[in-house]
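Chemist: coords27.txt is the file, holding compact mmCIF, C-alpha atoms and all ligand atoms:
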```txt
# COMPACT_ATOMS: atom_id res chain seq x y z
CA MET N 24 161.13 17.76 172.72
CA THR N 25 163.48 20.73 172.31
CA ALA N 26 164.75 22.70 175.24
CA ARG N 27 162.72 25.67 173.98
CA LYS N 28 159.53 23.66 174.10
CA ASN N 29 159.98 22.50 177.66
CA PHE N 30 157.37 23.95 179.94
CA PHE N 31 159.94 24.31 182.62
CA LYS N 32 163.38 25.10 181.37
CA LEU N 33 166.30 24.91 183.73
CA ILE N 34 167.92 28.25 183.21
CA LEU N 35 170.53 28.37 185.93
CA PRO N 36 172.20 25.57 187.84
CA ALA N 37 171.79 25.60 191.59
CA LEU N 38 173.92 28.36 192.99
CA ALA N 39 173.94 26.95 196.49
CA ALA N 40 177.29 28.42 197.33
CA TYR N 41 176.31 31.87 196.17
CA ALA N 42 178.41 34.34 198.15
CA GLY N 43 176.82 36.31 200.93
CA THR N 44 173.52 34.43 201.10
CA CYS N 45 172.29 32.27 203.90
CA PHE N 46 169.34 30.84 201.97
CA ALA N 47 168.83 27.11 201.75
CA ALA N 48 169.57 25.52 198.38
CA ASP N 49 166.24 23.70 198.45
CA SER N 50 164.43 26.58 196.78
CA ALA N 51 163.20 27.14 193.25
CA VAL N 52 162.00 30.20 191.39
CA VAL N 53 159.04 29.55 189.09
CA TYR N 54 157.76 32.42 186.96
CA PHE N 55 155.40 33.30 184.15
CA THR N 56 156.22 36.10 181.72
CA LYS N 57 154.37 37.18 178.57
CA TYR N 58 157.48 37.42 176.38
CA GLU N 59 158.15 33.67 176.65
CA ASN N 60 154.54 32.83 175.80
CA VAL N 61 153.97 34.83 172.62
CA PRO N 62 155.17 33.99 169.10
CA ALA N 63 158.99 34.02 168.96
CA SER N 64 160.58 37.48 169.23
CA SER N 65 157.20 39.14 169.46
CA VAL N 66 157.46 42.37 171.44
CA ASP N 67 154.41 44.54 171.82
CA SER N 68 154.52 46.85 168.84
CA PHE N 69 153.58 50.15 170.38
CA SER N 70 154.40 50.17 174.08
CA ARG N 71 157.17 47.55 174.32
CA ALA N 72 155.36 46.47 177.51
CA SER N 73 156.30 43.03 178.84
CA TYR N 74 159.88 43.30 177.63
CA TYR N 75 163.08 44.58 179.23
CA PRO N 76 165.44 45.34 176.33
CA GLN N 77 168.59 45.62 178.49
CA ALA N 78 168.11 42.02 179.67
CA LYS N 79 166.45 40.81 176.45
CA SER N 80 163.81 39.18 178.63
CA GLY N 81 160.32 39.67 180.01
CA ILE N 82 160.02 41.97 183.01
CA THR N 83 159.05 39.23 185.48
CA ALA N 84 161.76 36.96 184.03
CA PHE N 85 164.38 39.57 184.87
CA VAL N 86 163.17 39.83 188.48
CA ALA N 87 162.96 36.03 188.69
CA GLN N 88 166.57 35.66 187.55
CA GLU N 89 167.66 38.18 190.15
CA ILE N 90 165.87 36.28 192.94
CA ALA N 91 167.40 33.01 191.72
CA LYS N 92 170.87 34.59 191.70
CA GLN N 93 170.55 36.07 195.17
CA THR N 94 169.03 32.97 196.79
CA GLY N 95 170.95 30.25 194.94
CA SER N 96 167.70 28.81 193.59
CA GLU N 97 167.04 26.82 190.45
CA ILE N 98 164.75 28.65 188.07
CA PHE N 99 161.91 27.45 185.86
CA SER N 100 159.61 29.19 183.42
CA ILE N 101 155.90 28.41 183.07
CA LYS N 102 155.09 27.82 179.41
CA THR N 103 151.63 27.39 177.94
CA LYS N 104 151.04 24.79 175.22
CA SER N 105 149.43 27.43 172.97
CA SER N 106 151.04 30.85 172.54
CA TYR N 107 149.23 34.06 173.47
CA PRO N 108 148.69 36.47 170.54
CA ALA N 109 151.46 38.90 169.55
CA SER N 110 149.22 41.94 169.90
CA PHE N 111 148.92 43.44 173.40
CA ASP N 112 145.23 44.23 172.92
CA GLU N 113 144.49 40.68 171.86
CA VAL N 114 146.29 39.31 174.92
CA VAL N 115 144.21 41.64 177.10
CA SER N 116 140.92 40.46 175.59
CA LEU N 117 141.94 36.79 175.65
CA SER N 118 143.04 37.05 179.28
CA HIS N 119 139.73 38.75 180.18
CA GLU N 120 137.87 35.89 178.53
CA GLU N 121 140.02 33.28 180.34
CA GLN N 122 139.45 35.00 183.68
CA ALA N 123 135.70 35.33 183.16
CA LYS N 124 135.33 31.68 182.19
CA GLY N 125 137.88 30.38 184.71
CA VAL N 126 139.90 28.76 181.90
CA LEU N 127 143.06 26.96 183.01
CA PRO N 128 145.31 26.97 179.91
CA SER N 129 147.22 23.73 179.32
CA LEU N 130 150.90 23.87 180.25
CA GLU N 131 153.96 22.09 179.00
CA ASN N 132 155.21 19.31 181.31
CA ILE N 133 155.70 20.15 184.97
CA PRO N 134 158.87 18.62 186.42
CA SER N 135 158.80 17.31 189.96
CA LEU N 136 159.33 20.07 192.49
CA ASP N 137 159.57 17.50 195.30
CA ARG N 138 163.14 18.38 196.18
CA PHE N 139 162.32 22.03 196.80
CA GLN N 140 160.84 23.21 200.08
CA THR N 141 160.49 26.87 199.08
CA ILE N 142 159.01 28.09 195.80
CA TYR N 143 159.34 31.74 194.77
CA LEU N 144 156.38 32.17 192.41
CA GLY N 145 156.43 35.18 190.09
CA PHE N 146 153.97 36.60 187.57
CA PRO N 147 152.93 39.86 185.87
CA ILE N 148 149.63 41.30 187.04
CA TRP N 149 146.98 40.78 184.37
CA SER N 150 143.76 42.73 184.95
CA MET N 151 144.52 43.12 188.66
CA ALA N 152 145.01 39.35 189.08
CA MET N 153 147.32 36.40 188.44
CA PRO N 154 147.42 35.33 184.78
CA GLN N 155 145.37 32.15 184.31
CA PRO N 156 148.47 30.02 183.40
CA VAL N 157 149.73 30.68 186.94
CA LEU N 158 146.45 29.25 188.23
CA SER N 159 147.04 26.24 185.93
CA PHE N 160 150.46 25.84 187.53
CA ILE N 161 149.21 25.92 191.12
CA HIS N 162 146.44 23.52 190.12
CA ASP N 163 148.89 21.00 188.59
CA ALA N 164 152.04 21.33 190.70
CA LYS N 165 152.09 19.58 194.03
CA LEU N 166 152.81 22.44 196.41
CA GLU N 167 151.25 21.00 199.57
CA GLY N 168 153.45 21.56 202.61
CA LYS N 169 155.80 23.91 200.75
CA THR N 170 156.52 27.54 201.49
CA VAL N 171 155.37 29.67 198.56
CA ILE N 172 156.70 33.22 198.32
CA PRO N 173 155.02 35.28 195.59
CA PHE N 174 156.41 38.21 193.62
CA CYS N 175 154.87 40.20 190.81
CA THR N 176 155.53 42.96 188.33
CA HIS N 177 152.93 45.47 187.15
CA ASP N 178 152.46 48.77 185.35
CA GLY N 179 151.72 50.84 188.41
CA TYR N 180 148.58 49.37 189.93
CA GLY N 181 150.31 46.95 192.29
CA ALA N 182 149.60 43.33 193.21
CA GLY N 183 145.91 43.90 193.98
CA SER N 184 144.61 40.96 195.97
CA SER N 185 146.65 38.42 193.98
CA PHE N 186 148.86 37.36 196.92
CA SER N 187 145.93 36.74 199.25
CA VAL N 188 144.03 34.98 196.45
CA LEU N 189 147.09 32.75 196.03
CA ALA N 190 147.12 32.03 199.78
CA GLY N 191 143.43 31.10 199.60
CA ARG N 192 143.99 28.71 196.70
CA LEU N 193 147.04 27.12 198.32
CA SER N 194 145.53 26.41 201.70
CA GLN N 195 147.80 23.36 202.17
CA SER N 196 150.96 25.46 201.57
CA LYS N 197 152.57 28.20 203.64
CA VAL N 198 152.10 31.28 201.46
CA GLN N 199 153.99 34.40 202.54
CA THR N 200 151.71 37.23 201.55
CA ASN N 201 154.43 39.87 202.04
CA GLY N 202 155.53 39.22 198.46
CA LEU N 203 157.62 41.52 196.31
CA GLN N 204 155.89 43.96 193.94
CA ILE N 205 157.95 45.77 191.31
CA ALA N 206 156.60 48.30 188.82
CA SER N 207 157.83 47.62 185.29
CA SER N 208 159.04 51.24 185.08
CA SER N 209 161.56 50.57 187.86
CA VAL N 210 162.67 47.10 186.75
CA ALA N 211 166.24 48.41 186.39
CA SER N 212 166.44 48.72 190.16
CA ALA N 213 165.22 45.12 190.67
CA PRO N 214 168.63 43.88 191.95
CA SER N 215 168.60 46.29 194.91
CA GLU N 216 164.83 45.94 195.49
CA VAL N 217 165.17 42.14 195.54
CA LYS N 218 168.08 42.37 197.98
CA GLU N 219 166.22 44.66 200.34
CA TRP N 220 163.09 42.47 200.21
CA LEU N 221 165.05 39.27 200.84
CA ASP N 222 166.89 40.89 203.76
CA LYS N 223 163.92 42.55 205.40
CA SER N 224 160.93 40.35 204.66
CA VAL N 225 161.94 36.87 203.55
CA ARG N 226 164.88 36.27 205.91
CA LYS N 227 162.88 37.64 208.84
CA ALA N 228 159.98 35.27 208.08
CA GLN N 229 162.40 32.36 207.65
CA THR N 230 164.16 33.08 210.95
CA LYS N 231 160.79 33.25 212.71
CA ALA N 232 159.66 30.00 211.08
CA ALA N 233 162.95 28.26 211.95
CA SER N 234 162.59 29.18 215.62
CA GLN N 235 159.15 27.58 215.79
CA PRO N 236 158.78 23.82 216.20
CA GLN N 237 157.87 21.97 213.04
CA MET N 238 154.31 20.65 213.14
CA ILE N 239 153.20 17.63 211.13
CA GLY N 240 149.86 15.97 210.57
CA CYS N 241 148.92 12.31 210.77
CA ARG N 242 145.71 11.11 209.16
CA VAL N 243 144.23 7.82 210.35
CA GLY N 244 140.73 6.35 210.27
CA GLY N 245 139.19 9.72 209.36
CA HIS N 246 140.94 11.46 212.29
CA GLN N 247 143.64 14.13 212.06
CA ILE N 248 146.41 13.97 214.69
CA ARG N 249 148.82 16.89 215.13
CA ILE N 250 152.41 16.24 216.16
CA GLU N 251 155.05 18.75 217.24
CA MET N 252 158.42 17.49 216.05
CA ASN N 253 161.65 17.54 218.07
CA ASN N 254 164.84 19.11 216.82
CA THR N 255 166.81 15.83 216.80
CA PRO N 256 168.68 14.15 213.91
CA GLU N 257 166.16 11.28 213.88
CA ALA N 258 163.19 13.68 213.78
CA LYS N 259 164.81 15.64 210.94
CA GLU N 260 165.41 12.46 208.93
CA PHE N 261 161.81 11.37 209.51
CA LEU N 262 160.62 14.82 208.34
CA SER N 263 162.71 14.53 205.19
CA LYS N 264 160.84 11.32 204.29
CA LEU N 265 157.35 12.88 204.50
CA PRO N 266 154.78 12.25 203.21
CA ILE N 267 154.98 8.66 204.40
CA THR N 268 152.39 6.03 205.28
CA VAL N 269 153.11 3.55 208.07
CA ASN N 270 150.80 0.60 208.61
CA MET N 271 150.52 0.34 212.37
CA GLY N 272 148.94 -2.12 214.74
CA GLU N 273 147.81 -1.59 218.31
CA PHE N 274 149.93 -3.11 221.08
CA GLY N 275 149.33 -3.46 224.80
CA GLY N 276 146.65 -0.79 225.07
CA ARG N 277 149.43 1.81 225.02
CA GLU N 278 150.85 2.23 221.48
CA PHE N 279 150.42 1.81 217.74
CA TYR N 280 153.57 0.69 215.98
CA GLY N 281 154.58 -0.43 212.50
CA PRO N 282 157.49 -0.86 210.10
CA MET N 283 159.29 2.17 208.72
CA LYS N 284 159.86 2.24 204.95
CA GLY N 285 163.63 2.59 204.71
CA SER N 286 165.45 3.19 207.95
CA ILE N 287 166.46 6.15 210.08
CA LYS N 288 170.00 6.57 211.34
CA ALA N 289 169.82 6.72 215.13
CA VAL N 290 172.57 8.96 216.44
CA SER N 291 171.26 10.73 219.52
CA LYS N 292 170.61 9.04 222.82
CA GLY N 293 167.89 6.40 222.92
CA GLN N 294 165.74 5.75 225.97
CA TYR N 295 163.95 2.79 227.56
CA ARG N 296 160.93 4.78 228.74
CA PHE N 297 158.01 6.46 227.02
CA GLU N 298 155.59 9.27 227.75
CA ASP N 299 152.00 9.39 226.50
CA GLY N 300 151.81 11.11 223.12
CA THR N 301 155.39 10.42 222.05
CA LEU N 302 156.27 9.55 218.44
CA THR N 303 159.33 7.32 218.55
CA TYR N 304 161.68 5.43 216.27
CA CYS N 305 163.09 2.06 217.32
CA PRO N 306 166.22 1.07 215.34
CA THR N 307 166.28 -2.47 216.75
CA ASN N 308 163.23 -3.51 214.74
CA ASN N 309 163.04 -0.45 212.42
CA THR N 310 159.60 0.62 213.62
CA VAL N 311 157.79 3.85 214.32
CA ALA N 312 155.46 4.02 217.32
CA LEU N 313 152.89 6.40 218.70
CA PHE N 314 152.45 5.91 222.45
CA TYR N 315 149.11 7.13 223.74
CA ALA N 316 148.45 5.59 227.19
CA GLN N 317 149.81 3.78 230.23
CA SER N 318 152.82 5.95 230.92
CA SER N 319 152.27 4.92 234.57
CA ARG N 320 154.15 1.79 233.43
CA PRO N 321 156.71 3.52 231.21
CA ASN N 322 159.47 0.92 230.90
CA LEU N 323 160.46 -0.57 227.53
CA THR N 324 162.68 -3.50 226.62
CA MET N 325 164.15 -1.83 223.51
CA ALA N 326 165.64 1.65 223.17
CA VAL N 327 163.44 4.17 221.37
CA TYR N 328 164.34 7.60 219.98
CA PRO N 329 161.66 10.27 220.64
CA MET N 330 160.95 12.27 217.46
CA GLY N 331 157.91 14.29 218.45
CA LYS N 332 154.87 14.68 220.65
CA VAL N 333 151.16 14.51 219.82
CA VAL N 334 149.59 17.88 220.70
CA SER N 335 146.03 16.98 219.71
CA ASP N 336 143.57 14.95 221.78
CA LEU N 337 145.03 11.51 222.66
CA SER N 338 141.56 10.00 223.12
CA VAL N 339 141.29 9.45 219.32
CA PHE N 340 143.64 6.49 219.70
CA GLU N 341 140.96 4.71 221.73
CA LYS N 342 138.57 5.02 218.75
CA LEU N 343 140.89 3.54 216.10
CA ASN N 344 140.75 0.07 214.58
CA SER N 345 143.45 -2.22 215.92
CA TYR N 346 145.27 -2.02 212.57
CA ASP N 347 145.29 0.96 210.23
CA SER N 348 147.33 3.15 207.86
CA PHE N 349 148.86 6.26 209.44
CA GLU N 350 149.59 8.94 206.82
CA PHE N 351 152.21 11.39 208.08
CA THR N 352 152.39 14.71 206.19
CA LYS N 353 154.05 18.10 206.66
C1 LIG M 401 146.87 41.16 179.63
C2 LIG M 401 147.58 42.16 180.49
C3 LIG M 401 146.91 42.75 181.55
C4 LIG M 401 147.58 43.65 182.39
N1 LIG M 401 146.91 44.16 183.46
C5 LIG M 401 147.58 44.99 184.33
C6 LIG M 401 146.94 45.50 185.50
O1 LIG M 401 145.78 45.19 185.78
N2 LIG M 401 147.63 46.32 186.31
C7 LIG M 401 148.93 46.67 186.05
O2 LIG M 401 149.51 47.43 186.82
N3 LIG M 401 149.58 46.18 184.96
C8 LIG M 401 148.93 45.35 184.10
N4 LIG M 401 149.58 44.84 182.99
C9 LIG M 401 150.99 45.17 182.80
C10 LIG M 401 151.94 44.06 183.26
O3 LIG M 401 151.57 43.57 184.51
C11 LIG M 401 153.37 44.60 183.39
O4 LIG M 401 153.78 45.23 182.21
C12 LIG M 401 154.35 43.49 183.75
O5 LIG M 401 155.52 44.05 184.30
C13 LIG M 401 154.72 42.63 182.54
O6 LIG M 401 155.52 41.57 182.96
P1 LIG M 401 156.08 40.47 181.94
O7 LIG M 401 157.02 41.18 181.01
O8 LIG M 401 156.83 39.53 182.80
O9 LIG M 401 154.93 39.84 181.24
C14 LIG M 401 148.94 43.98 182.14
C15 LIG M 401 149.59 43.40 181.05
C16 LIG M 401 148.94 42.50 180.23
C17 LIG M 401 149.65 41.86 179.08
```
Could you show the structure in this file as structure tokens?

Modeler:
Amino acid sequence: MTARKNFFKLILPALAAYAGTCFAADSAVVYFTKYENVPASSVDSFSRASYYPQAKSGITAFVAQEIAKQTGSEIFSIKTKSSYPASFDEVVSLSHEEQAKGVLPSLENIPSLDRFQTIYLGFPIWSMAMPQPVLSFIHDAKLEGKTVIPFCTHDGYGAGSSFSVLAGRLSQSKVQTNGLQIASSSVASAPSEVKEWLDKSVRKAQTKAASQPQMIGCRVGGHQIRIEMNNTPEAKEFLSKLPITVNMGEFGGREFYGPMKGSIKAVSKGQYRFEDGTLTYCPTNNTVALFYAQSSRPNLTMAVYPMGKVVSDLSVFEKLNSYDSFEFTK
């Protein structure tokens, strides 16, 4: 398969050390643009819409590249298996038909986005909505637990409800609905608009999110347990391994524990006591435990490292089978 045919084409290497930014390098920009999904070199014949001659790219592609540059993100383009027609009017009628019928056009291969925590997702507005290939992308890509930050370009009518529709469709992701909207007529000022948006909206949201404790979920026996994670090295390493399933057995009427896949480096101070609701790691036998009762007798024979605390009802532990799979997810 040629590089041109790849659904997602790596356009820029990670620019993690990009000067002046304080964005994490675990972000990717994923965008759809008409110009890269019509027959080669096809530019709309009468309006030159969907093309920015100075950058020799689609309008959204230009904005996407600017976001990638300013955040040090990798960048990928959404490509459909079949091209859209060259004529603007034909694209309009085909997109209407796709929207009306809820068609999800087939895409070229989607690479794993596992290593990215934040996805900037960009698209042109088509008939007041996201183009259907973007819906194909969110249907196929595994974006659960990720932060998704949308941006769009348009011809003057704005984003419509596309950002909130995106949030509704990605209920398992954290969608920031204060996305960037740029009119195609002012695409030349995208570098400064992107900078202002990143400074004012995105960084502010990230700072707020960073100051809040990370919550995770744990699914077991049809129950959902919520855990507030600590800010310790062990907790961070555990978080980096999610999603993870740990097969845990009940012990002593006070805890469920089971073997950790891979190990966690224990560097902070361990303790020989537990509190009800604590999620711990024990390096001695490489196990994870959830303590739920009997903290009146809190002493342990092995050191454990607290990683988080259950904030949901602890009585569910009394209803569980004595051995079960605990699925931890962000
Ligand atoms: C099929 C189609 C439908 C469009 N519908 C709208 C619309 O509803 N509102 C709007 O402001 N612009 C609309 N546009 C204009 C594009 O959103 C705008 O030109 C955009 O910047 C093009 O980005 P691109 O070059 O990345 O494809 C439409 C364009 C196309 C091709």

Chemist: Throw together the list of residues within 8 Å of ligand LIG 401 (chain M), counting all atoms listed in the file, and drop it here as an MDAnalysis selection string.

Modeler: chainID N and resid 55:58 72:75 80:85 111:112 114:119 146:152 154 175:182 205:207

Chemist: From the options N:Val339, N:Arg277, N:Asn344, N:Arg192, which residue's atoms come nearest to Ser318 of chain N, counting all atoms listed in the file?

Modeler: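 Going through N:Val339, N:Arg277, N:Asn344, N:Arg192 one by one, the smallest distance to Ser318 of chain N is for N:Arg277.
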
Chemist: In Å, how far is it from atom CA of Lys288 of chain N to atom CA of Thr303 of chain N?

Modeler: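 These atoms are spaced 12.9 Å apart.
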
Chemist: Would you mind listing what lies within 12 Å of Ser345 of chain N as a tab-separated table (two decimals) with C-alpha atoms, in the frame of the given file, with all atoms listed in the file counted and same-chain residues fewer than 6 positions away left out?

Modeler:
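Final output, out_32.tsv:
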```tsv
chain	number	residue	atom	x	y	z
N	243	VAL	CA	144.23	7.82	210.35
N	244	GLY	CA	140.73	6.35	210.27
N	270	ASN	CA	150.80	0.60	208.61
N	271	MET	CA	150.52	0.34	212.37
N	272	GLY	CA	148.94	-2.12	214.74
N	273	GLU	CA	147.81	-1.59	218.31
N	274	PHE	CA	149.93	-3.11	221.08
N	275	GLY	CA	149.33	-3.46	224.80
N	276	GLY	CA	146.65	-0.79	225.07
N	277	ARG	CA	149.43	1.81	225.02
N	278	GLU	CA	150.85	2.23	221.48
N	279	PHE	CA	150.42	1.81	217.74
N	280	TYR	CA	153.57	0.69	215.98
N	281	GLY	CA	154.58	-0.43	212.50
```

Chemist: Which value, in Å to one decimal, gives the distance between atom CA of Trp220 of chain N and atom CA of Ile101 of chain N?

Modeler: 23.3 Å

Chemist: Check the smallest atom-to-atom distance from each of N:Glu260, N:Glu298, N:Asp336, N:Glu97 to Ile248 of chain N using only C-alpha atoms, then report the winner.

Modeler: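 Using only C-alpha atoms, the shortest distance to Ile248 of chain N belongs to N:Asp336.
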
Chemist: Please return as a PyMOL selection string every residue within 6 Å of (148.5, 12.2, 208.4), taking into account all atoms listed in the file and the file's own coordinates.

Modeler: chain N and resi 240-242+350-352

Chemist: Which residues are close to segment 160-173 of chain N, i.e. within 7 Å by all atoms listed in the file, leaving aside same-chain residues fewer than 2 positions away? Reply as a PDB file with C-alpha atoms, in the frame of the given file.

Modeler:
```pdb
ATOM      1  CA  ILE N 133     155.700  20.150 184.970  1.00  0.00           C
ATOM      2  CA  GLN N 140     160.840  23.210 200.080  1.00  0.00           C
ATOM      3  CA  THR N 141     160.490  26.870 199.080  1.00  0.00           C
ATOM      4  CA  ILE N 142     159.010  28.090 195.800  1.00  0.00           C
ATOM      5  CA  TYR N 143     159.340  31.740 194.770  1.00  0.00           C
ATOM      6  CA  LEU N 144     156.380  32.170 192.410  1.00  0.00           C
ATOM      7  CA  GLY N 145     156.430  35.180 190.090  1.00  0.00           C
ATOM      8  CA  PRO N 156     148.470  30.020 183.400  1.00  0.00           C
ATOM      9  CA  VAL N 157     149.730  30.680 186.940  1.00  0.00           C
ATOM     10  CA  LEU N 158     146.450  29.250 188.230  1.00  0.00           C
ATOM     11  CA  CYS N 175     154.870  40.200 190.810  1.00  0.00           C
ATOM     12  CA  PHE N 186     148.860  37.360 196.920  1.00  0.00           C
ATOM     13  CA  GLN N 195     147.800  23.360 202.170  1.00  0.00           C
ATOM     14  CA  SER N 196     150.960  25.460 201.570  1.00  0.00           C
ATOM     15  CA  LYS N 197     152.570  28.200 203.640  1.00  0.00           C
ATOM     16  CA  VAL N 198     152.100  31.280 201.460  1.00  0.00           C
ATOM     17  CA  GLN N 199     153.990  34.400 202.540  1.00  0.00           C
ATOM     18  CA  GLY N 202     155.530  39.220 198.460  1.00  0.00           C
ATOM     19  CA  LEU N 203     157.620  41.520 196.310  1.00  0.00           C
ATOM     20  CA  LYS N 353     154.050  18.100 206.660  1.00  0.00           C
TER      21      LYS N 353
END
```

Chemist: Could you give me, as a list in words, the residues that sit within 10 Å of (162.7, -4.8, 208.9) in the file's coordinates, counting only C-alpha atoms?

Modeler: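 Residues found, by chain and rising number: Gly281, Pro282, Met283, Lys284, Gly285, Ser286, Pro306, Thr307, Asn308, Asn309 and Thr310 of chain N.
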
Chemist: Between atom CA of Tyr346 of chain N and atom CA of Ile267 of chain N, what distance in Å does the model show, to one decimal?

Modeler: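 Taking atom CA of Tyr346 of chain N as the start and atom CA of Ile267 of chain N as the end point, the length is 16.6 Å.
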
Chemist: When you count only C-alpha atoms, which of these residues is closest to Asn60 of chain N: N:Ser212, N:Ser100, N:Thr268, N:Ser291?

Modeler: N:Ser100

Chemist: Nearest residue to Gly245 of chain N out of N:Ile98, N:Leu130, N:Ala228, N:Leu343, using all atoms listed in the file?

Modeler: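 Smallest distance to Gly245 of chain N is found for N:Leu343.
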
Chemist: Kindly indicate which residue among N:Val225, N:Ala51, N:Met330, N:Ala289 lies nearest to Gln237 of chain N, using all atoms listed in the file for the distances.

Modeler: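 Looking only at the distances to Gln237 of chain N, the closest residue turns out to be N:Met330.
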
Chemist: List the neighbours of segment 221-224 of chain N out to 12 Å using all atoms listed in the file; skip same-chain residues closer than 4 positions along the sequence, and give me the result as an MDAnalysis selection string.

Modeler: chainID N and resid 43:46 89:94 143 172:174 199:203 213:217 228:231

Chemist: Using all atoms listed in the file, which residues sit within 9 Å of Glu121 of chain N once same-chain residues fewer than 6 positions away are excluded, as a ChimeraX atom specification?

Modeler: /N:127-128,154-155

Chemist: Restricting the calculation to only C-alpha atoms: of N:Lys102, N:Arg296, N:Lys332, N:Lys264, which residue gets closest to Arg138 of chain N?

Modeler: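 Nearest to Arg138 of chain N: N:Lys264.
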